[in-house]
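Engineer: Got a structure for you, questions after.
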Amino acid sequence: MTRYAMVIDKRRCIGCQSCTVACRTWNNLPMDIIYNPVVSEGVQGKWPNVHQTFTPLLCNHCQNPPCVICCPCKATFQDDDGIVWVDPNKCMGCKFCVQNCPYGARDVSAAPEEGFARKCTFCKDRVRTAELPPDQRPEGWKPEDALPYCVNTCHQKARIFGDLDDPDSEVSKLVNGNTTTRLFTELGTDPQVYYIEENGGSVK
Amino acid sequence: MSHMMHPNKLTRHYWVWPIAWYLFLGGLGGGTLFATTMLQTCGHAICELLGLGDYSGVVAQMFGPALALATFAGVVFLGVGSALLIFELGQWKNFIRVWIASTSIMKWGATFLVLAMVFGFVEFLFFLPPQWNLFWYQWIWLRDVCTALAGLFGFCVAFYTGCLLGTQKSKPFWNTPLLPVLFTVSAVSTATALVTILVGLWPAIDGETPFALQIANQIASPDYANQVVVMVIATVTGGITEVMHKADAVMVILEIILLLVYIICMRASGNLTAKRIAQTWISGSKSLLFWGGMLIVGLGVPLWLYLSEVPNAGLIAPVLILASGLLLRFLVLYSDGRQLIPGEEAYYAKLPKGNEEFLQPWKKPY
């Protein structure tokens, strides 16, 4: 089985927001929608011992996604590979899923013609090109084209994407070889975005 | 375009006034159907309690018609609430899809809404004037079944409005079992207030009810039949109102206790978001509405009016209770903060709030 997950190495992130911009570009997002902000608590500590960390956020593609269970329209799906996505044609725009996501990863644009819930899809339109037979792939396809656009754009290589069920994948090695944290695990959502903390991201 | 600019999703309320009105009207409508059913089924106990005489014959038959307008109002309020729900949808043409997924609590709420409206409406059809001779008047069993089911599903709607918010684990201020209980008590309290206003009005306007006149004709000469009807209506109406005032006073006391327990527990919560929101109720931006609007004017004053039996309390107190029910839904709905990820607040505060000047060049054609 494939289980897509993302590792975010906060030791490498410099808060340049390239991923935020890349995502908006690839997904052609309306003005008021951001899928993956990079947030920071600002500079911490006292001179000269100061540091700043950045936390890139995105949909956690939870193993137990509260947004899928609550959707009355069956407009939200979780595929076998773990990717959670929304079919805008089936969504009635009740915003129940937006309210239910503990990570604020879902949003509805205020534009009248865009009244459906939307979210990060791990760029499944890109990722799944890897599963296609070579002759059906887009012309000039390269393996990096099968990565989410934010991962492909990150020049710091702070975002690492792959199959967690594959023991040879980079995400698998990083998750198993480092101390990682996840957001709001106490809510039982089993999020699949793993953070290697800047301070404390030591090798196990 | 200005409508595109809502980048600060932390301060944006995704559910706004139509949902607050729906939560209020759903609770009120559902609670009213529940209350009218309870009154009709507990008629015997009410008669015994108030010494209205034997609960059979004309007194028993008058219980339903006296509550006809309240039943109608319950159905209408549920209908208006449903319309507001659909109005609030981003893609309202897909609203029928609400019944697709059985895992969603929203599907059950929509089902309860429709069932309560249908059974409540059928129940009301039996209160139409007898001279219309509608064919369903003979099916008394249908009236009784619909009365029972309208009450059951009405209660489900009232309870569901609290569950809709209370099951959201992303919202620490809502995610407590106390919220559905508070909403249900508030729903029954507002419904009781509405019934005290509307009880007996339908027969008084109409002058003739399906059962009342027929029964009055049997026990009095035709000349006095209308007088008998008026007399019995006054007795039943007065009896129901008296019971409802007492019941409402109990519900208001319960609601005050629940509200205070709710706020105290949330203020003492281990979750910082719940604690922060509770503080806005106690001494922050919502404190005036909570203490002044909800507790003093909305619940305290009506309670005092009920207990001290001030003249005209029968109208003023229920209106204040209805207003406090609406205010409660607004206050709760706008306390929808989610637990923040460190740094999130600063990030969204930095984003442009409107059509800042740097965006203007993009509007010019190339």
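So you can find residues: chains in the structure tokens are A, B, ... in the order shown, residues in each start at 1, and ligands are numbered from 1 in order.
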Write down, as an MDAnalysis selection string, each residue of chain A that has any atom within 8 Å of an atom of chain B, counting only C-alpha atoms.

Structural biologist: chainID A and resid 30:34 37:42 55 69:74 90:95 98:103 109:112 114:116 187

Engineer: With N, CA and C atoms retained, write the just-selected residues as a tab-separated table (two decimals), in the first residue's frame.

Structural biologist:
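The resulting file, selection-v1.tsv, is shown below:
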```tsv
chain	number	residue	atom	x	y	z
A	30	PRO	N	-7.91	31.61	-5.64
A	30	PRO	CA	-8.44	32.97	-5.54
A	30	PRO	C	-7.62	33.80	-4.55
A	31	MET	N	-7.82	35.10	-4.60
A	31	MET	CA	-7.01	36.02	-3.79
A	31	MET	C	-7.06	35.70	-2.29
A	32	ASP	N	-8.21	35.25	-1.82
A	32	ASP	CA	-8.38	35.13	-0.37
A	32	ASP	C	-8.07	33.73	0.16
A	33	ILE	N	-7.46	32.88	-0.64
A	33	ILE	CA	-7.20	31.51	-0.20
A	33	ILE	C	-5.69	31.25	-0.15
A	34	ILE	N	-5.27	30.70	0.97
A	34	ILE	CA	-3.87	30.26	1.11
A	34	ILE	C	-3.90	28.86	1.67
A	37	PRO	N	0.47	28.45	4.44
A	37	PRO	CA	1.24	29.58	4.97
A	37	PRO	C	2.47	29.08	5.74
A	38	VAL	N	3.48	29.93	5.81
A	38	VAL	CA	4.65	29.61	6.63
A	38	VAL	C	4.64	30.58	7.80
A	39	VAL	N	4.37	30.08	8.98
A	39	VAL	CA	4.19	30.95	10.13
A	39	VAL	C	5.41	30.89	11.03
A	40	SER	N	5.53	31.92	11.84
A	40	SER	CA	6.66	31.99	12.76
A	40	SER	C	6.26	32.77	14.00
A	41	GLU	N	6.85	32.41	15.11
A	41	GLU	CA	6.60	33.17	16.34
A	41	GLU	C	7.54	34.36	16.46
A	42	GLY	N	8.35	34.59	15.44
A	42	GLY	CA	9.28	35.71	15.48
A	42	GLY	C	10.59	35.31	16.14
A	55	THR	N	7.33	27.55	10.69
A	55	THR	CA	6.49	26.36	10.61
A	55	THR	C	5.63	26.42	9.36
A	69	ILE	N	-15.49	12.71	7.69
A	69	ILE	CA	-16.61	12.10	8.42
A	69	ILE	C	-17.78	13.08	8.51
A	70	CYS	N	-17.49	14.36	8.66
A	70	CYS	CA	-18.57	15.31	8.90
A	70	CYS	C	-19.28	15.73	7.62
A	71	CYS	N	-18.68	15.50	6.45
A	71	CYS	CA	-19.27	16.01	5.20
A	71	CYS	C	-20.58	15.27	4.89
A	72	PRO	N	-21.70	15.98	4.86
A	72	PRO	CA	-22.97	15.30	4.59
A	72	PRO	C	-23.16	14.93	3.12
A	73	CYS	N	-22.41	15.57	2.23
A	73	CYS	CA	-22.65	15.42	0.79
A	73	CYS	C	-21.79	14.36	0.14
A	74	LYS	N	-20.89	13.74	0.88
A	74	LYS	CA	-19.88	12.86	0.30
A	74	LYS	C	-19.13	13.58	-0.81
A	90	LYS	N	-19.75	18.37	-6.08
A	90	LYS	CA	-20.64	17.70	-5.14
A	90	LYS	C	-20.82	18.49	-3.84
A	91	CYS	N	-19.95	19.45	-3.62
A	91	CYS	CA	-19.98	20.22	-2.36
A	91	CYS	C	-21.15	21.20	-2.40
A	92	MET	N	-21.86	21.32	-1.26
A	92	MET	CA	-22.95	22.30	-1.22
A	92	MET	C	-22.54	23.58	-0.49
A	93	GLY	N	-21.30	23.60	0.01
A	93	GLY	CA	-20.79	24.82	0.63
A	93	GLY	C	-21.37	25.12	2.00
A	94	CYS	N	-21.61	24.06	2.79
A	94	CYS	CA	-22.17	24.29	4.13
A	94	CYS	C	-21.09	24.71	5.12
A	95	LYS	N	-19.85	24.53	4.76
A	95	LYS	CA	-18.69	24.94	5.57
A	95	LYS	C	-18.55	24.15	6.87
A	98	VAL	N	-15.00	23.02	7.06
A	98	VAL	CA	-14.10	24.12	7.41
A	98	VAL	C	-14.09	24.32	8.92
A	99	GLN	N	-15.29	24.23	9.51
A	99	GLN	CA	-15.41	24.38	10.96
A	99	GLN	C	-14.76	23.21	11.69
A	100	ASN	N	-14.82	22.03	11.09
A	100	ASN	CA	-14.36	20.83	11.79
A	100	ASN	C	-12.86	20.60	11.72
A	101	CYS	N	-12.17	21.23	10.78
A	101	CYS	CA	-10.73	20.97	10.66
A	101	CYS	C	-9.97	21.68	11.78
A	102	PRO	N	-9.28	20.94	12.63
A	102	PRO	CA	-8.56	21.59	13.74
A	102	PRO	C	-7.35	22.39	13.28
A	103	TYR	N	-6.92	22.17	12.05
A	103	TYR	CA	-5.71	22.82	11.54
A	103	TYR	C	-6.02	24.06	10.70
A	109	SER	N	-13.75	30.33	-0.48
A	109	SER	CA	-13.51	31.69	-0.96
A	109	SER	C	-14.78	32.52	-0.80
A	110	ALA	N	-14.57	33.81	-0.57
A	110	ALA	CA	-15.72	34.71	-0.47
A	110	ALA	C	-16.27	35.08	-1.84
A	111	ALA	N	-15.57	34.69	-2.89
A	111	ALA	CA	-16.08	34.98	-4.24
A	111	ALA	C	-17.36	34.18	-4.48
A	112	PRO	N	-18.40	34.83	-5.02
A	112	PRO	CA	-19.69	34.15	-5.11
A	112	PRO	C	-19.68	32.88	-5.97
A	114	GLU	N	-17.35	30.79	-6.19
A	114	GLU	CA	-16.44	29.79	-5.63
A	114	GLU	C	-16.91	29.36	-4.24
A	115	GLY	N	-18.18	29.06	-4.12
A	115	GLY	CA	-18.74	28.78	-2.80
A	115	GLY	C	-18.56	27.37	-2.29
A	116	PHE	N	-17.54	26.68	-2.73
A	116	PHE	CA	-17.28	25.31	-2.29
A	116	PHE	C	-16.06	25.26	-1.40
A	187	LEU	N	-6.02	15.11	19.41
A	187	LEU	CA	-7.40	15.08	18.91
A	187	LEU	C	-7.73	13.78	18.18
```

Engineer: Can you tell me, as a list of chain:residue names, what residues are no more than 9 Å from Met1 of chain A when counting only C-alpha atoms, ignoring any on the same chain fewer than 6 positions away?

Structural biologist: A:Asp80, A:Asp81, A:Asp163, A:Asp165, A:Asp166

Engineer: For the residues in the current selection, export all heavy atoms as a tab-separated table (two decimals), in the first residue's frame.

Structural biologist:
```tsv
chain	number	residue	atom	x	y	z
A	80	ASP	N	-7.13	5.72	-1.09
A	80	ASP	CA	-6.37	4.65	-0.44
A	80	ASP	C	-4.96	5.09	-0.08
A	80	ASP	O	-4.36	4.58	0.86
A	80	ASP	CB	-6.31	3.42	-1.35
A	80	ASP	CG	-7.67	2.77	-1.47
A	80	ASP	OD1	-8.52	3.04	-0.59
A	80	ASP	OD2	-7.90	2.00	-2.42
A	81	ASP	N	-4.43	6.02	-0.87
A	81	ASP	CA	-3.07	6.49	-0.57
A	81	ASP	C	-3.06	7.61	0.47
A	81	ASP	O	-2.01	8.22	0.72
A	81	ASP	CB	-2.36	6.94	-1.85
A	81	ASP	CG	-3.14	7.99	-2.61
A	81	ASP	OD1	-4.10	8.53	-2.03
A	81	ASP	OD2	-2.81	8.26	-3.79
A	163	ASP	N	6.26	8.14	0.05
A	163	ASP	CA	5.42	7.05	0.53
A	163	ASP	C	5.95	6.56	1.88
A	163	ASP	O	7.04	6.00	1.95
A	163	ASP	CB	5.43	5.92	-0.52
A	163	ASP	CG	4.63	4.72	-0.08
A	163	ASP	OD1	3.94	4.82	0.96
A	163	ASP	OD2	4.68	3.69	-0.78
A	165	ASP	N	4.88	4.13	3.58
A	165	ASP	CA	4.86	2.67	3.68
A	165	ASP	C	6.05	2.02	2.97
A	165	ASP	O	6.25	0.82	3.09
A	165	ASP	CB	3.55	2.12	3.09
A	165	ASP	CG	2.39	2.31	4.04
A	165	ASP	OD1	2.64	2.76	5.17
A	165	ASP	OD2	1.25	2.03	3.65
A	166	ASP	N	6.79	2.82	2.22
A	166	ASP	CA	7.97	2.30	1.53
A	166	ASP	C	9.19	2.50	2.43
A	166	ASP	O	9.61	3.65	2.65
A	166	ASP	CB	8.13	3.04	0.19
A	166	ASP	CG	9.40	2.62	-0.54
A	166	ASP	OD1	10.09	1.71	-0.05
A	166	ASP	OD2	9.70	3.24	-1.59
```

Engineer: Interatomic distance between atom CA of Thr121 of chain A and atom CA of Ala158 of chain A?

Structural biologist: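 Atom CA of Ala158 of chain A lies 18.7 Å from atom CA of Thr121 of chain A.
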
Engineer: Considering only C-alpha atoms, return as JSON, numbers by chain whatever protein or nucleic-acid residues lie within 12 Å of segment 119-121 of chain B, sequence-local ones (same chain, fewer than 6 positions apart) excluded.

Structural biologist: {"B": [29, 30, 31, 32, 33, 34, 35, 36, 37, 67, 68, 69, 70, 71, 72, 73, 74, 75, 76, 77, 78, 79, 112, 113, 127, 128, 142, 143, 144, 145, 146, 147, 148, 149, 150, 151, 152, 153, 154]}

Engineer: Could you turn the residues from that selection into a file that holds C-alpha atoms, as a short mmCIF file (atom, residue, chain, number, x, y, z; two decimals), in the first residue's frame?

Structural biologist:
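This went into again14.cif:
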```cif
data_model
loop_
_atom_site.label_atom_id
_atom_site.label_comp_id
_atom_site.auth_asym_id
_atom_site.auth_seq_id
_atom_site.Cartn_x
_atom_site.Cartn_y
_atom_site.Cartn_z
CA GLY B 29 -39.78 25.37 16.36
CA GLY B 30 -38.70 21.91 17.48
CA GLY B 31 -39.18 22.80 21.13
CA THR B 32 -42.66 24.19 20.39
CA LEU B 33 -43.75 20.95 18.72
CA PHE B 34 -42.34 19.06 21.70
CA ALA B 35 -44.11 21.33 24.17
CA THR B 36 -47.48 21.13 22.41
CA THR B 37 -47.25 17.35 22.26
CA LEU B 67 -52.46 24.79 20.90
CA ALA B 68 -53.23 24.97 17.17
CA LEU B 69 -51.50 28.28 16.51
CA ALA B 70 -48.44 27.22 18.51
CA THR B 71 -48.21 24.04 16.40
CA PHE B 72 -48.49 26.09 13.23
CA ALA B 73 -45.86 28.53 14.46
CA GLY B 74 -43.53 25.62 15.28
CA VAL B 75 -43.78 24.29 11.73
CA VAL B 76 -43.32 27.76 10.22
CA PHE B 77 -40.26 28.49 12.34
CA LEU B 78 -38.69 25.19 11.32
CA GLY B 79 -39.44 26.06 7.69
CA PHE B 112 -35.23 15.44 11.88
CA LEU B 113 -36.10 18.88 10.49
CA PHE B 127 -57.26 22.03 13.59
CA LEU B 128 -58.73 23.60 10.45
CA LEU B 142 -53.56 9.89 12.30
CA ARG B 143 -53.75 13.09 14.34
CA ASP B 144 -52.62 11.26 17.46
CA VAL B 145 -49.73 9.51 15.67
CA CYS B 146 -48.58 12.77 14.05
CA THR B 147 -48.83 14.63 17.36
CA ALA B 148 -46.57 12.06 19.01
CA LEU B 149 -44.06 11.96 16.15
CA ALA B 150 -43.96 15.76 15.72
CA GLY B 151 -43.12 16.04 19.41
CA LEU B 152 -40.43 13.37 19.19
CA PHE B 153 -38.73 14.77 16.11
CA GLY B 154 -39.20 18.34 17.36
#
```

Engineer: If you run DSSP on the backbone, which residues of segment 57-183 of chain A are strand (DSSP E or B), as a ChimeraX atom specification?

Structural biologist: /A:76-78,84-86,107-108,117-118,159-163,178,181

Engineer: Suppose we keep C-alpha atoms; can you now write the selection as a PDB file, in the first residue's frame?

Structural biologist:
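Saved file again.pdb follows:
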```
ATOM      1  CA  THR A  76     -14.871  14.943   0.496  1.00  0.00           C
ATOM      2  CA  PHE A  77     -12.891  11.787  -0.058  1.00  0.00           C
ATOM      3  CA  GLN A  78      -9.896  10.048   1.349  1.00  0.00           C
ATOM      4  CA  VAL A  84      -7.921  13.913   1.200  1.00  0.00           C
ATOM      5  CA  TRP A  85      -9.617  16.004  -1.448  1.00  0.00           C
ATOM      6  CA  VAL A  86     -12.886  17.753  -2.308  1.00  0.00           C
ATOM      7  CA  ASP A 107     -11.326  27.336   3.359  1.00  0.00           C
ATOM      8  CA  VAL A 108     -14.139  28.709   1.240  1.00  0.00           C
ATOM      9  CA  ALA A 117     -14.827  24.041   0.285  1.00  0.00           C
ATOM     10  CA  ARG A 118     -11.266  23.653  -0.926  1.00  0.00           C
ATOM     11  CA  ARG A 159       9.719  19.773   2.434  1.00  0.00           C
ATOM     12  CA  ILE A 160      10.120  16.093   1.731  1.00  0.00           C
ATOM     13  CA  PHE A 161       7.290  14.088   0.234  1.00  0.00           C
ATOM     14  CA  GLY A 162       6.897  10.389  -0.352  1.00  0.00           C
ATOM     15  CA  ASP A 163       5.415   7.047   0.533  1.00  0.00           C
ATOM     16  CA  ASN A 178      14.574  11.438  13.686  1.00  0.00           C
ATOM     17  CA  THR A 181       6.431  16.108  16.068  1.00  0.00           C
TER      18      THR A 181
END
```
